[in-house]
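input08.txt, holding compact mmCIF, C-alpha atoms and all ligand atoms:
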```txt
# COMPACT_ATOMS: atom_id res chain seq x y z
CA MET A 1 44.47 -83.42 -88.63
CA SER A 2 41.15 -84.85 -87.46
CA GLU A 3 42.38 -87.64 -85.19
CA LYS A 4 43.33 -87.07 -81.57
CA ILE A 5 46.87 -85.87 -80.97
CA ARG A 6 48.74 -88.55 -79.04
CA VAL A 7 51.14 -87.27 -76.44
CA GLY A 8 54.04 -88.45 -74.29
CA VAL A 9 55.31 -86.61 -71.23
CA ILE A 10 59.03 -86.93 -70.43
CA GLY A 11 59.94 -86.08 -66.84
CA ALA A 12 57.33 -86.56 -64.13
CA GLY A 13 58.52 -84.11 -61.47
CA TRP A 14 56.99 -80.89 -60.14
CA ILE A 15 56.18 -79.01 -63.36
CA SER A 16 54.96 -82.13 -65.07
CA GLU A 17 52.39 -82.89 -62.35
CA MET A 18 51.52 -79.27 -61.63
CA ALA A 19 51.16 -78.04 -65.20
CA HIS A 20 51.80 -80.30 -68.21
CA LEU A 21 49.81 -83.41 -67.28
CA PRO A 22 46.81 -81.32 -66.11
CA ALA A 23 47.02 -79.18 -69.27
CA TRP A 24 47.06 -82.17 -71.62
CA SER A 25 44.30 -83.83 -69.56
CA LYS A 26 42.09 -80.76 -69.96
CA LEU A 27 42.16 -81.30 -73.74
CA ALA A 28 40.87 -84.88 -73.50
CA ASP A 29 38.47 -84.43 -76.42
CA ILE A 30 41.34 -83.76 -78.84
CA VAL A 31 44.37 -85.20 -77.02
CA GLU A 32 45.27 -88.59 -75.60
CA ILE A 33 48.20 -88.99 -73.21
CA VAL A 34 49.80 -92.29 -74.17
CA ALA A 35 52.87 -92.58 -71.94
CA VAL A 36 54.88 -90.92 -69.20
CA SER A 37 58.61 -91.39 -68.70
CA ASP A 38 60.87 -90.57 -65.77
CA LEU A 39 64.33 -91.84 -64.87
CA ASN A 40 62.68 -92.59 -61.55
CA VAL A 41 60.13 -95.11 -62.82
CA GLU A 42 58.09 -94.98 -59.61
CA ARG A 43 57.51 -91.30 -60.22
CA ALA A 44 56.43 -92.06 -63.79
CA GLU A 45 54.08 -94.77 -62.53
CA SER A 46 52.59 -92.54 -59.86
CA ALA A 47 51.97 -89.72 -62.38
CA ALA A 48 50.52 -92.18 -64.89
CA ALA A 49 48.14 -93.56 -62.26
CA LYS A 50 47.07 -90.08 -61.19
CA PHE A 51 46.29 -88.92 -64.73
CA GLY A 52 44.98 -92.24 -66.13
CA VAL A 53 47.90 -92.72 -68.53
CA PRO A 54 48.24 -96.35 -69.69
CA MET A 55 52.04 -96.57 -69.87
CA ALA A 56 54.96 -95.56 -67.62
CA VAL A 57 58.60 -96.11 -68.58
CA SER A 58 61.98 -95.02 -67.24
CA ASP A 59 63.86 -94.54 -70.52
CA PHE A 60 62.51 -91.73 -72.68
CA ARG A 61 63.80 -93.52 -75.79
CA GLN A 62 61.27 -96.28 -75.14
CA LEU A 63 58.56 -93.62 -75.19
CA LEU A 64 59.92 -92.14 -78.42
CA GLU A 65 59.75 -95.56 -80.09
CA ILE A 66 55.95 -95.48 -79.80
CA ASP A 67 54.98 -94.61 -83.38
CA GLN A 68 51.53 -93.33 -82.56
CA ILE A 69 52.92 -90.54 -80.34
CA ASP A 70 52.72 -87.24 -82.25
CA ALA A 71 54.05 -84.83 -79.63
CA VAL A 72 55.93 -84.75 -76.35
CA SER A 73 56.33 -82.44 -73.37
CA VAL A 74 59.92 -82.25 -72.13
CA CYS A 75 59.81 -81.64 -68.37
CA THR A 76 63.25 -82.87 -67.35
CA PRO A 77 65.93 -80.72 -65.72
CA PRO A 78 67.66 -78.45 -68.27
CA VAL A 79 70.70 -80.71 -68.72
CA ALA A 80 68.51 -83.21 -70.59
CA HIS A 81 66.43 -80.71 -72.62
CA SER A 82 68.53 -80.71 -75.77
CA ASP A 83 69.26 -84.47 -75.96
CA VAL A 84 65.64 -85.40 -75.28
CA THR A 85 64.23 -82.70 -77.58
CA ILE A 86 66.55 -83.53 -80.47
CA ALA A 87 65.88 -87.26 -80.13
CA ALA A 88 62.13 -86.57 -80.07
CA LEU A 89 62.26 -84.30 -83.13
CA GLU A 90 64.33 -86.89 -84.99
CA ALA A 91 61.78 -89.54 -84.00
CA GLY A 92 59.16 -87.41 -85.78
CA LYS A 93 57.51 -85.88 -82.70
CA HIS A 94 56.56 -82.24 -82.15
CA VAL A 95 58.06 -80.92 -78.90
CA VAL A 96 57.04 -78.47 -76.24
CA CYS A 97 60.07 -78.09 -73.99
CA GLU A 98 60.22 -76.46 -70.57
CA LYS A 99 62.31 -73.37 -69.98
CA PRO A 100 65.19 -72.73 -69.90
CA MET A 101 65.48 -73.91 -73.48
CA ALA A 102 68.82 -75.62 -72.80
CA ILE A 103 71.75 -75.74 -70.45
CA ASP A 104 73.92 -73.66 -72.79
CA LEU A 105 73.85 -71.79 -76.09
CA PRO A 106 75.28 -74.53 -78.38
CA SER A 107 72.64 -76.95 -77.09
CA ALA A 108 69.87 -74.43 -77.76
CA GLU A 109 71.23 -73.81 -81.27
CA ALA A 110 71.27 -77.57 -81.92
CA MET A 111 67.59 -77.75 -80.89
CA VAL A 112 66.62 -75.04 -83.37
CA ALA A 113 68.63 -76.77 -86.11
CA ALA A 114 66.93 -80.12 -85.37
CA SER A 115 63.50 -78.52 -85.54
CA GLU A 116 64.33 -76.89 -88.86
CA LYS A 117 65.81 -80.11 -90.27
CA THR A 118 62.91 -82.33 -89.25
CA GLY A 119 60.16 -79.79 -89.89
CA LYS A 120 58.63 -80.63 -86.51
CA LYS A 121 57.29 -77.92 -84.20
CA LEU A 122 59.37 -76.84 -81.23
CA ALA A 123 57.79 -74.56 -78.62
CA ILE A 124 59.41 -73.39 -75.39
CA GLN A 125 57.27 -73.02 -72.30
CA PHE A 126 57.39 -69.28 -71.57
CA GLN A 127 53.80 -69.45 -70.37
CA SER A 128 53.71 -65.88 -68.97
CA ARG A 129 53.13 -64.55 -72.49
CA PHE A 130 49.63 -66.04 -72.29
CA HIS A 131 48.51 -63.96 -69.31
CA PRO A 132 45.58 -61.79 -70.46
CA ALA A 133 47.37 -58.62 -69.28
CA ALA A 134 50.47 -59.51 -71.31
CA GLN A 135 48.29 -60.28 -74.34
CA ALA A 136 46.44 -56.96 -73.95
CA LEU A 137 49.69 -55.01 -73.66
CA LYS A 138 51.17 -56.79 -76.68
CA LYS A 139 48.15 -55.74 -78.73
CA MET A 140 48.48 -52.11 -77.58
CA ILE A 141 52.16 -52.14 -78.54
CA GLU A 142 51.40 -53.65 -81.95
CA ASP A 143 48.77 -50.94 -82.43
CA GLY A 144 51.51 -48.34 -81.86
CA ASP A 145 50.28 -47.06 -78.48
CA LEU A 146 53.79 -46.96 -77.02
CA GLY A 147 55.66 -45.99 -80.21
CA ASP A 148 59.21 -47.30 -80.59
CA ILE A 149 60.29 -48.91 -77.33
CA TYR A 150 63.81 -47.87 -76.34
CA TYR A 151 63.95 -48.84 -72.66
CA ALA A 152 62.91 -51.90 -70.67
CA ASN A 153 63.49 -53.03 -67.13
CA ALA A 154 62.93 -56.76 -66.76
CA VAL A 155 62.78 -57.84 -63.12
CA TYR A 156 62.25 -61.18 -61.39
CA HIS A 157 63.34 -61.00 -57.77
CA ARG A 158 62.84 -63.29 -54.84
CA ARG A 159 63.98 -62.14 -51.43
CA ARG A 160 64.49 -65.76 -50.39
CA GLY A 161 63.53 -68.54 -52.77
CA ILE A 162 66.42 -70.74 -53.83
CA PRO A 163 64.82 -73.97 -55.08
CA GLY A 164 65.61 -76.69 -52.56
CA TRP A 165 64.48 -79.63 -54.69
CA GLY A 166 65.71 -81.22 -57.89
CA THR A 167 68.98 -80.20 -59.49
CA PHE A 168 68.55 -76.41 -59.65
CA GLN A 169 71.64 -75.91 -57.44
CA SER A 170 74.05 -77.51 -59.91
CA ARG A 171 75.57 -75.77 -62.89
CA ALA A 172 76.18 -79.11 -64.57
CA HIS A 173 72.46 -79.90 -64.43
CA ASN A 174 70.87 -76.45 -64.70
CA GLY A 175 73.39 -74.41 -66.72
CA GLY A 176 73.31 -71.64 -64.10
CA GLY A 177 71.10 -70.38 -61.30
CA ALA A 178 68.65 -67.52 -60.87
CA LEU A 179 69.42 -66.01 -64.28
CA ILE A 180 68.74 -69.13 -66.33
CA ASP A 181 65.89 -70.24 -64.07
CA VAL A 182 63.77 -67.14 -63.40
CA GLY A 183 65.56 -64.25 -65.14
CA VAL A 184 64.68 -65.90 -68.46
CA HIS A 185 60.94 -65.35 -67.82
CA ALA A 186 61.36 -61.58 -67.38
CA LEU A 187 63.77 -61.36 -70.29
CA ASP A 188 61.50 -63.31 -72.62
CA MET A 189 58.56 -61.06 -71.71
CA ALA A 190 60.52 -57.86 -72.40
CA LEU A 191 61.87 -59.20 -75.70
CA TRP A 192 58.48 -60.44 -76.89
CA LEU A 193 56.60 -57.28 -75.94
CA SER A 194 59.17 -55.10 -77.69
CA GLY A 195 59.16 -57.21 -80.86
CA HIS A 196 62.49 -59.03 -80.44
CA PRO A 197 64.97 -56.32 -81.42
CA LYS A 198 68.41 -57.70 -82.21
CA PRO A 199 70.78 -57.71 -79.20
CA VAL A 200 74.27 -56.40 -79.98
CA ALA A 201 76.04 -56.07 -76.60
CA VAL A 202 75.68 -57.34 -73.05
CA PHE A 203 77.39 -56.22 -69.86
CA GLY A 204 76.46 -58.18 -66.78
CA SER A 205 77.27 -59.63 -63.38
CA ALA A 206 76.20 -62.83 -61.66
CA TYR A 207 76.60 -63.38 -57.91
CA SER A 208 76.56 -66.42 -55.67
CA LYS A 209 76.06 -64.99 -52.17
CA PHE A 210 73.45 -67.14 -50.41
CA GLY A 211 73.33 -70.70 -51.75
CA LYS A 212 76.15 -72.01 -49.61
CA ARG A 213 75.15 -70.23 -46.42
CA THR A 214 73.51 -71.99 -43.51
CA ASP A 215 72.94 -68.83 -41.42
CA ILE A 216 70.18 -67.35 -43.57
CA TYR A 217 66.42 -67.57 -43.69
CA GLY A 218 65.44 -70.19 -46.27
CA ALA A 219 68.87 -71.86 -46.23
CA LEU A 220 69.19 -74.90 -48.46
CA PRO A 221 69.37 -78.38 -46.93
CA ALA A 222 73.03 -79.30 -46.24
CA GLU A 223 73.44 -81.67 -49.20
CA LYS A 224 72.01 -79.11 -51.63
CA SER A 225 74.02 -76.24 -50.20
CA GLN A 226 77.25 -78.22 -50.54
CA GLU A 227 76.71 -78.77 -54.25
CA PHE A 228 75.51 -75.18 -54.89
CA ASP A 229 77.72 -73.71 -57.63
CA VAL A 230 75.39 -71.35 -59.50
CA ASP A 231 74.35 -67.69 -59.35
CA ASP A 232 71.65 -66.61 -56.91
CA SER A 233 71.34 -63.16 -58.49
CA ALA A 234 72.31 -61.54 -61.78
CA PHE A 235 72.13 -58.05 -63.29
CA ALA A 236 72.77 -56.96 -66.86
CA MET A 237 72.48 -54.17 -69.37
CA ILE A 238 71.65 -55.20 -72.92
CA LYS A 239 72.00 -52.94 -75.97
CA PHE A 240 70.11 -53.58 -79.19
CA ALA A 241 70.73 -52.78 -82.86
CA ASN A 242 67.67 -50.46 -82.89
CA GLY A 243 69.26 -48.37 -80.11
CA ALA A 244 67.13 -49.79 -77.27
CA THR A 245 68.60 -50.53 -73.84
CA PHE A 246 67.21 -53.12 -71.42
CA ASN A 247 68.13 -53.64 -67.80
CA LEU A 248 67.69 -57.17 -66.57
CA GLU A 249 67.73 -58.03 -62.87
CA CYS A 250 66.85 -61.27 -61.17
CA SER A 251 67.42 -63.21 -57.99
CA TRP A 252 66.56 -66.31 -56.03
CA ALA A 253 67.84 -64.51 -52.94
CA LEU A 254 68.52 -60.81 -52.46
CA ASN A 255 68.28 -58.47 -49.49
CA ILE A 256 65.30 -56.46 -50.75
CA ASP A 257 61.84 -55.91 -49.31
CA ASN A 258 60.05 -58.71 -51.11
CA GLU A 259 59.38 -60.81 -54.19
CA ARG A 260 59.04 -58.60 -57.27
CA GLN A 261 58.19 -59.55 -60.86
CA LYS A 262 57.88 -56.67 -63.26
CA VAL A 263 58.51 -55.68 -66.81
CA ILE A 264 58.61 -51.94 -67.43
CA LEU A 265 58.71 -50.63 -70.99
CA ALA A 266 59.11 -47.09 -72.24
CA GLY A 267 58.54 -45.92 -75.79
CA GLU A 268 58.37 -42.55 -77.51
CA ARG A 269 54.57 -42.35 -77.30
CA GLY A 270 53.90 -44.15 -74.02
CA GLY A 271 55.10 -46.57 -71.41
CA ALA A 272 53.69 -49.55 -69.57
CA GLU A 273 54.32 -51.98 -66.79
CA LEU A 274 53.23 -55.49 -65.93
CA HIS A 275 51.92 -56.83 -63.42
CA PRO A 276 49.42 -55.36 -62.75
CA LEU A 277 49.10 -53.76 -66.17
CA ARG A 278 49.35 -49.97 -66.24
CA VAL A 279 49.92 -47.81 -69.31
CA PHE A 280 51.46 -44.34 -69.13
CA LYS A 281 50.54 -41.69 -71.69
CA ASP A 282 50.33 -37.92 -71.76
CA SER A 283 48.72 -34.94 -73.45
CA PRO A 284 49.88 -31.30 -73.31
CA GLU A 285 47.64 -30.82 -70.28
CA MET A 286 48.30 -33.90 -68.23
CA LEU A 287 49.97 -37.18 -67.57
CA ILE A 288 47.55 -40.06 -68.12
CA ASP A 289 47.74 -43.39 -66.31
CA ILE A 290 45.57 -46.10 -67.85
CA VAL A 291 44.47 -48.90 -65.57
CA PRO A 292 42.42 -51.68 -67.15
CA SER A 293 39.31 -52.91 -65.44
CA LYS A 294 37.63 -56.32 -65.72
CA LEU A 295 40.83 -57.80 -67.13
CA LYS A 296 40.82 -61.49 -66.27
CA ASP A 297 43.56 -62.81 -63.97
CA VAL A 298 44.77 -66.37 -64.47
CA ASP A 299 46.90 -68.63 -62.30
CA PHE A 300 50.12 -70.45 -63.11
CA PRO A 301 48.61 -73.80 -64.25
CA THR A 302 46.08 -71.95 -66.43
CA MET A 303 48.86 -70.07 -68.25
CA HIS A 304 50.56 -73.41 -68.88
CA ALA A 305 47.29 -74.86 -70.14
CA MET A 306 46.92 -71.90 -72.53
CA ALA A 307 50.47 -72.47 -73.81
CA ILE A 308 49.79 -76.18 -74.38
CA GLU A 309 46.54 -75.30 -76.17
CA ASP A 310 48.48 -72.89 -78.39
CA PHE A 311 51.00 -75.67 -79.15
CA VAL A 312 48.12 -77.98 -80.16
CA ARG A 313 46.76 -75.21 -82.40
CA ALA A 314 50.20 -74.88 -84.04
CA ILE A 315 50.27 -78.62 -84.76
CA LYS A 316 46.70 -78.75 -86.07
CA GLU A 317 46.94 -75.62 -88.19
CA ASP A 318 50.58 -76.17 -89.16
CA CYS A 319 51.63 -72.71 -88.01
CA ASP A 320 54.13 -71.31 -85.50
CA PRO A 321 53.39 -71.58 -81.77
CA LEU A 322 53.33 -68.26 -79.90
CA VAL A 323 56.74 -69.01 -78.36
CA THR A 324 59.00 -70.14 -81.19
CA ALA A 325 62.32 -71.86 -80.62
CA LYS A 326 64.09 -69.08 -82.51
CA GLN A 327 62.68 -66.47 -80.14
CA ALA A 328 63.70 -68.57 -77.14
CA LEU A 329 67.18 -68.87 -78.65
CA MET A 330 67.57 -65.10 -78.28
CA VAL A 331 67.02 -65.52 -74.52
CA SER A 332 69.73 -68.20 -74.45
CA GLN A 333 72.11 -65.91 -76.38
CA ILE A 334 71.68 -63.13 -73.85
CA VAL A 335 71.96 -65.46 -70.84
CA ASP A 336 75.16 -66.91 -72.30
CA ALA A 337 76.51 -63.38 -72.83
CA VAL A 338 75.74 -62.35 -69.22
CA TYR A 339 77.64 -65.37 -67.90
CA ARG A 340 80.55 -64.64 -70.27
CA SER A 341 80.55 -61.01 -69.20
CA GLN A 342 80.75 -62.13 -65.56
CA GLU A 343 83.68 -64.42 -66.37
CA ASP A 344 85.59 -61.96 -68.54
CA GLY A 345 84.69 -58.82 -66.61
CA GLY A 346 83.83 -56.88 -69.74
CA MET A 347 81.20 -56.17 -72.33
CA VAL A 348 80.29 -59.05 -74.65
CA ALA A 349 79.56 -58.11 -78.26
CA LEU A 350 77.02 -60.31 -79.99
CA THR A 351 77.64 -61.02 -83.64
CA GLU A 352 75.66 -63.20 -86.07
N1 LIG A 401 57.70 -72.70 -66.89
C1 LIG A 401 57.86 -72.52 -65.58
O1 LIG A 401 57.47 -71.50 -64.99
C2 LIG A 401 58.57 -73.58 -64.79
C3 LIG A 401 58.37 -73.73 -63.42
C4 LIG A 401 59.05 -74.77 -62.75
C5 LIG A 401 59.94 -75.58 -63.43
N2 LIG A 401 60.15 -75.38 -64.77
C6 LIG A 401 61.14 -76.15 -65.52
O2 LIG A 401 60.70 -77.51 -65.65
C7 LIG A 401 61.84 -78.37 -65.69
C8 LIG A 401 61.68 -79.43 -64.60
O3 LIG A 401 61.57 -78.77 -63.34
P1 LIG A 401 60.86 -79.49 -62.10
O4 LIG A 401 60.69 -78.45 -61.07
O5 LIG A 401 59.70 -80.26 -62.55
O6 LIG A 401 62.05 -80.48 -61.65
P2 LIG A 401 61.90 -81.84 -60.86
O7 LIG A 401 63.26 -82.14 -60.36
O8 LIG A 401 60.76 -81.78 -59.91
O9 LIG A 401 61.49 -82.90 -62.00
C9 LIG A 401 62.33 -83.30 -63.04
C10 LIG A 401 62.04 -84.77 -63.32
O10 LIG A 401 62.72 -85.17 -64.51
C11 LIG A 401 63.22 -86.48 -64.32
N3 LIG A 401 64.29 -86.73 -65.29
C12 LIG A 401 65.56 -86.29 -65.27
N4 LIG A 401 66.20 -86.69 -66.37
C13 LIG A 401 65.31 -87.41 -67.11
C14 LIG A 401 65.38 -88.11 -68.35
N5 LIG A 401 66.50 -88.12 -69.07
N6 LIG A 401 64.28 -88.77 -68.79
C15 LIG A 401 63.14 -88.75 -68.06
N7 LIG A 401 63.01 -88.11 -66.87
C16 LIG A 401 64.09 -87.44 -66.41
C17 LIG A 401 63.67 -86.48 -62.87
O11 LIG A 401 63.78 -87.82 -62.37
C18 LIG A 401 62.55 -85.70 -62.21
O12 LIG A 401 61.48 -86.54 -61.78
C19 LIG A 401 63.07 -77.46 -65.51
O13 LIG A 401 63.58 -77.14 -66.76
C20 LIG A 401 62.48 -76.23 -64.84
O14 LIG A 401 63.22 -75.06 -65.07
C21 LIG A 401 59.48 -74.41 -65.45
```
Take the structure in the file and give it back as structure tokens.
Amino acid sequence: MSEKIRVGVIGAGWISEMAHLPAWSKLADIVEIVAVSDLNVERAESAAAKFGVPMAVSDFRQLLEIDQIDAVSVCTPPVAHSDVTIAALEAGKHVVCEKPMAIDLPSAEAMVAASEKTGKKLAIQFQSRFHPAAQALKKMIEDGDLGDIYYANAVYHRRRGIPGWGTFQSRAHNGGGALIDVGVHALDMALWLSGHPKPVAVFGSAYSKFGKRTDIYGALPAEKSQEFDVDDSAFAMIKFANGATFNLECSWALNIDNERQKVILAGERGGAELHPLRVFKDSPEMLIDIVPSKLKDVDFPTMHAMAIEDFVRAIKEDCDPLVTAKQALMVSQIVDAVYRSQEDGGMVALTE
């Protein structure tokens, strides 16, 4: 493909303006942003004006009718991810869709099926995989430095940080709360680093302790707190066919010391944790802690830009993006199982 890739951006809210539109704009020599769509057309117009995009529409279907568009970013709330993604794939567009992949497991499965049927690329925006420390650790793991990984602790905690904007507070729009919003990042990282072992059982809990309260630090505005019906923390144990066990813990609000994002992995030959990256080895004489130096740090928009660049590479070279839809589906399967475990009070077995 020698021509520029022509792009549409669907949803012009926070992530669109903070990450996707800047990322596409950075690739101006090989990409042209043709149109932006948002249900709120003023938002679409404002984003289009800011990023020099010639067209702003309210209905995403109007954007999908533009033949010259090759690829779209889906930056809507989760409730629309599957409908918009499937319509885009069926309209012949490649899709990079924001996390969480979908509001529920059947919707995520339908997205994978649509991508397979149409042959169009579908990437999910788990941008943390592109952090140089994560990339370095992945390479060490692939080189066998940790041996077989049999334990992971995937953590994404906020002491107080329930999103007060958008539709994050509503199960109907978001599919859940902290687990599906931030827990998925930690889970995806642990799964990717350990090579996506097959999950076989999940035992978990999800709590809703803060969203409705007005007497806490960081309380939601009244109208958001009234509609709050999702989890603000979740905890789970996941068992895998290869014998590995992962602990997953996440929160938007939890009475702990502070925000904490970590993935800890332990294998037979070594262990590691992110962020910052540290690797734990030993010899008969000593325990050895490896701390990288001169490893580049990158910020949130840069990781998104790297993910978008990888998606462009996948289109141009007709290969898989780093975050495939099938891999993201595994995250959705586990999230679904945690919520089912909470509802049923027992362990959820995962079958084919
Ligand atoms: N990858 C990350 O780290 C990260 C960070 C923040 C948000 N996100 C994800 O990005 C998505 C959007 O989050 P946000 O914070 O930008 O939300 P937001 O509420 O700021 O923006 C969403 C926008 O989508 C628009 N919209 C809704 N339905 C639409 C439709 N059918 N067609 C076109 N536009 C539509 C809304 O009007 C709104 O402007 C969510 O899935 C969220 O989880 C990902």
List all protein, DNA and RNA residues that have at least one atom no more than 9 Å from any atom of ligand LIG 401 (chain A), counting only C-alpha atoms and all ligand atoms, and write them as a PyMOL selection string.
chain A and resi 9-19+36-41+43-44+57-61+74-81+83-84+97-102+124-128+163+165-168+174+180-182+185+300+304
So that I can see what lies close to segment 188-204 of chain A, please list as a PDB file with C-alpha atoms, in the frame of the given file the residues with an atom at most 7 Å from it, counting all atoms listed in the file and leaving out residues fewer than 3 positions away in the same chain.
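Dumped everything to out-v6.pdb:
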```
ATOM      1  CA  ARG A 129      53.130 -64.550 -72.490  1.00  0.00           C
ATOM      2  CA  LYS A 138      51.170 -56.790 -76.680  1.00  0.00           C
ATOM      3  CA  ILE A 149      60.290 -48.910 -77.330  1.00  0.00           C
ATOM      4  CA  ALA A 152      62.910 -51.900 -70.670  1.00  0.00           C
ATOM      5  CA  ALA A 154      62.930 -56.760 -66.760  1.00  0.00           C
ATOM      6  CA  VAL A 184      64.680 -65.900 -68.460  1.00  0.00           C
ATOM      7  CA  HIS A 185      60.940 -65.350 -67.820  1.00  0.00           C
ATOM      8  CA  PHE A 235      72.130 -58.050 -63.290  1.00  0.00           C
ATOM      9  CA  ALA A 236      72.770 -56.960 -66.860  1.00  0.00           C
ATOM     10  CA  MET A 237      72.480 -54.170 -69.370  1.00  0.00           C
ATOM     11  CA  ILE A 238      71.650 -55.200 -72.920  1.00  0.00           C
ATOM     12  CA  LYS A 239      72.000 -52.940 -75.970  1.00  0.00           C
ATOM     13  CA  PHE A 240      70.110 -53.580 -79.190  1.00  0.00           C
ATOM     14  CA  ALA A 241      70.730 -52.780 -82.860  1.00  0.00           C
ATOM     15  CA  ASN A 242      67.670 -50.460 -82.890  1.00  0.00           C
ATOM     16  CA  VAL A 263      58.510 -55.680 -66.810  1.00  0.00           C
ATOM     17  CA  VAL A 331      67.020 -65.520 -74.520  1.00  0.00           C
ATOM     18  CA  ALA A 337      76.510 -63.380 -72.830  1.00  0.00           C
ATOM     19  CA  VAL A 338      75.740 -62.350 -69.220  1.00  0.00           C
ATOM     20  CA  SER A 341      80.550 -61.010 -69.200  1.00  0.00           C
ATOM     21  CA  GLN A 342      80.750 -62.130 -65.560  1.00  0.00           C
ATOM     22  CA  GLY A 346      83.830 -56.880 -69.740  1.00  0.00           C
ATOM     23  CA  MET A 347      81.200 -56.170 -72.330  1.00  0.00           C
ATOM     24  CA  VAL A 348      80.290 -59.050 -74.650  1.00  0.00           C
ATOM     25  CA  ALA A 349      79.560 -58.110 -78.260  1.00  0.00           C
ATOM     26  CA  LEU A 350      77.020 -60.310 -79.990  1.00  0.00           C
ATOM     27  CA  THR A 351      77.640 -61.020 -83.640  1.00  0.00           C
TER      28      THR A 351
END
```
May I have the centre and edge lengths, in Å to one decimal, of an axis-aligned box around the listed atoms of segment 47-53 of chain A with 4 Å added to every side, as lines of an AutoDock Vina configuration file?
```
center_x = 48.5
center_y = -91.2
center_z = -64.9
size_x = 15.0
size_y = 12.6
size_z = 15.3
```
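Between atom CA of Thr118 of chain A and atom CA of Asp70 of chain A there is a distance of 13.3 Å.
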Which of these residues is nearest to Asp344 of chain A, using all atoms listed in the file: A:Ala206, A:Lys281, A:Glu3, A:His173?
A:Ala206
Using all atoms listed in the file, which protein or nucleic acid residues come within 8 Å of segment 275-278 of chain A? Drop anything in the same chain fewer than 6 positions from it, and give the result as a list of chain:residue names.
A:Ala133, A:Ala134, A:Leu137, A:Gln261, A:Lys262, A:Val263, A:Asp289, A:Ile290, A:Val291, A:Pro292
Write out the residues from the selection above, keeping C-alpha atoms, as a short mmCIF file (atom, residue, chain, number, x, y, z; two decimals), in the frame of the given file.
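Output file result.cif is given in full below:
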```cif
data_model
loop_
_atom_site.label_atom_id
_atom_site.label_comp_id
_atom_site.auth_asym_id
_atom_site.auth_seq_id
_atom_site.Cartn_x
_atom_site.Cartn_y
_atom_site.Cartn_z
CA ALA A 133 47.37 -58.62 -69.28
CA ALA A 134 50.47 -59.51 -71.31
CA LEU A 137 49.69 -55.01 -73.66
CA GLN A 261 58.19 -59.55 -60.86
CA LYS A 262 57.88 -56.67 -63.26
CA VAL A 263 58.51 -55.68 -66.81
CA ASP A 289 47.74 -43.39 -66.31
CA ILE A 290 45.57 -46.10 -67.85
CA VAL A 291 44.47 -48.90 -65.57
CA PRO A 292 42.42 -51.68 -67.15
#
```
Between atom CA of Leu322 of chain A and atom CA of Glu142 of chain A, measure the distance and give it in Å to one decimal.
14.9 Å
One decimal place gives the atom CA of Ser107 of chain A-atom CA of Leu89 of chain A separation as 14.1 Å
Neighbours of point (49.3, -87.5, -69.7) within 8 Å, using all atoms listed in the file, written as number ranges by chain
A: 7-9, 20-22, 24-25, 32-36, 48, 51-53
With all atoms listed in the file as the atoms that count, which of A:Ile308, A:Ala253, A:Asp143, A:Ala272 lies nearest to Leu220 of chain A?
A:Ala253
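Distances here use all atoms listed in the file; by that measure, the residue among A:Gly271, A:Gly211, A:Gly345, A:Pro321 closest to Arg160 of chain A is A:Gly211.
Of the listed residues (A:Arg213, A:Arg340, A:Lys50, A:His157), A:His157 comes nearest to Asn255 of chain A; the distances count all atoms listed in the file.
If you measure from each of A:Ile288, A:Ile334, A:Ile5, A:Ala266 to Tyr150 of chain A using only C-alpha atoms, the closest one turns out to be A:Ala266.
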Leaving out Asp145 of chain A and any residue of its chain fewer than 2 positions from it, which residues lie within 7 Å of it when counting all atoms listed in the file, given as an MDAnalysis selection string?
chainID A and resid 140:141 143 147 269:270
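Each of A:Ala110, A:Ala56, A:Phe130, A:Gly161 was compared to Asn258 of chain A using all atoms listed in the file, and A:Gly161 turns out to be the nearest.
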Shell around Ala23 of chain A at 9 Å using all atoms listed in the file, local window under 6 positions removed, as a ChimeraX atom specification:
/A:301-302,304-309
Might you pull out every residue within 6 Å of Gly177 of chain A, with all atoms listed in the file counted and same-chain residues fewer than 4 positions away left off, and present them as a compact mmCIF listing (two decimals) with C-alpha atoms, keeping the file's coordinate frame?
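Saved as around.txt:
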```
# COMPACT_ATOMS: atom_id res chain seq x y z
CA ASP A 181 65.89 -70.24 -64.07
CA VAL A 230 75.39 -71.35 -59.50
CA ASP A 231 74.35 -67.69 -59.35
CA ASP A 232 71.65 -66.61 -56.91
```
Can you take the partial segment 221-226 of chain A, add N, CA and C atoms, and return it as a PDB file, keeping the file's coordinate frame?
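This is the output file rebuild-v2.pdb:
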```pdb
ATOM      1  N   PRO A 221      68.931 -77.216 -47.695  1.00  0.00           N
ATOM      2  CA  PRO A 221      69.370 -78.380 -46.930  1.00  0.00           C
ATOM      3  C   PRO A 221      70.864 -78.614 -47.178  1.00  0.00           C
ATOM      4  N   ALA A 222      71.562 -79.194 -46.173  1.00  0.00           N
ATOM      5  CA  ALA A 222      73.030 -79.300 -46.240  1.00  0.00           C
ATOM      6  C   ALA A 222      73.529 -79.897 -47.552  1.00  0.00           C
ATOM      7  N   GLU A 223      72.894 -80.984 -48.002  1.00  0.00           N
ATOM      8  CA  GLU A 223      73.440 -81.670 -49.200  1.00  0.00           C
ATOM      9  C   GLU A 223      73.280 -80.788 -50.443  1.00  0.00           C
ATOM     10  N   LYS A 224      72.213 -79.986 -50.484  1.00  0.00           N
ATOM     11  CA  LYS A 224      72.010 -79.110 -51.630  1.00  0.00           C
ATOM     12  C   LYS A 224      72.959 -77.911 -51.563  1.00  0.00           C
ATOM     13  N   SER A 225      73.156 -77.412 -50.359  1.00  0.00           N
ATOM     14  CA  SER A 225      74.020 -76.240 -50.200  1.00  0.00           C
ATOM     15  C   SER A 225      75.474 -76.588 -50.538  1.00  0.00           C
ATOM     16  N   GLN A 226      75.868 -77.825 -50.220  1.00  0.00           N
ATOM     17  CA  GLN A 226      77.250 -78.220 -50.540  1.00  0.00           C
ATOM     18  C   GLN A 226      77.493 -78.245 -52.044  1.00  0.00           C
TER      19      GLN A 226
END
```
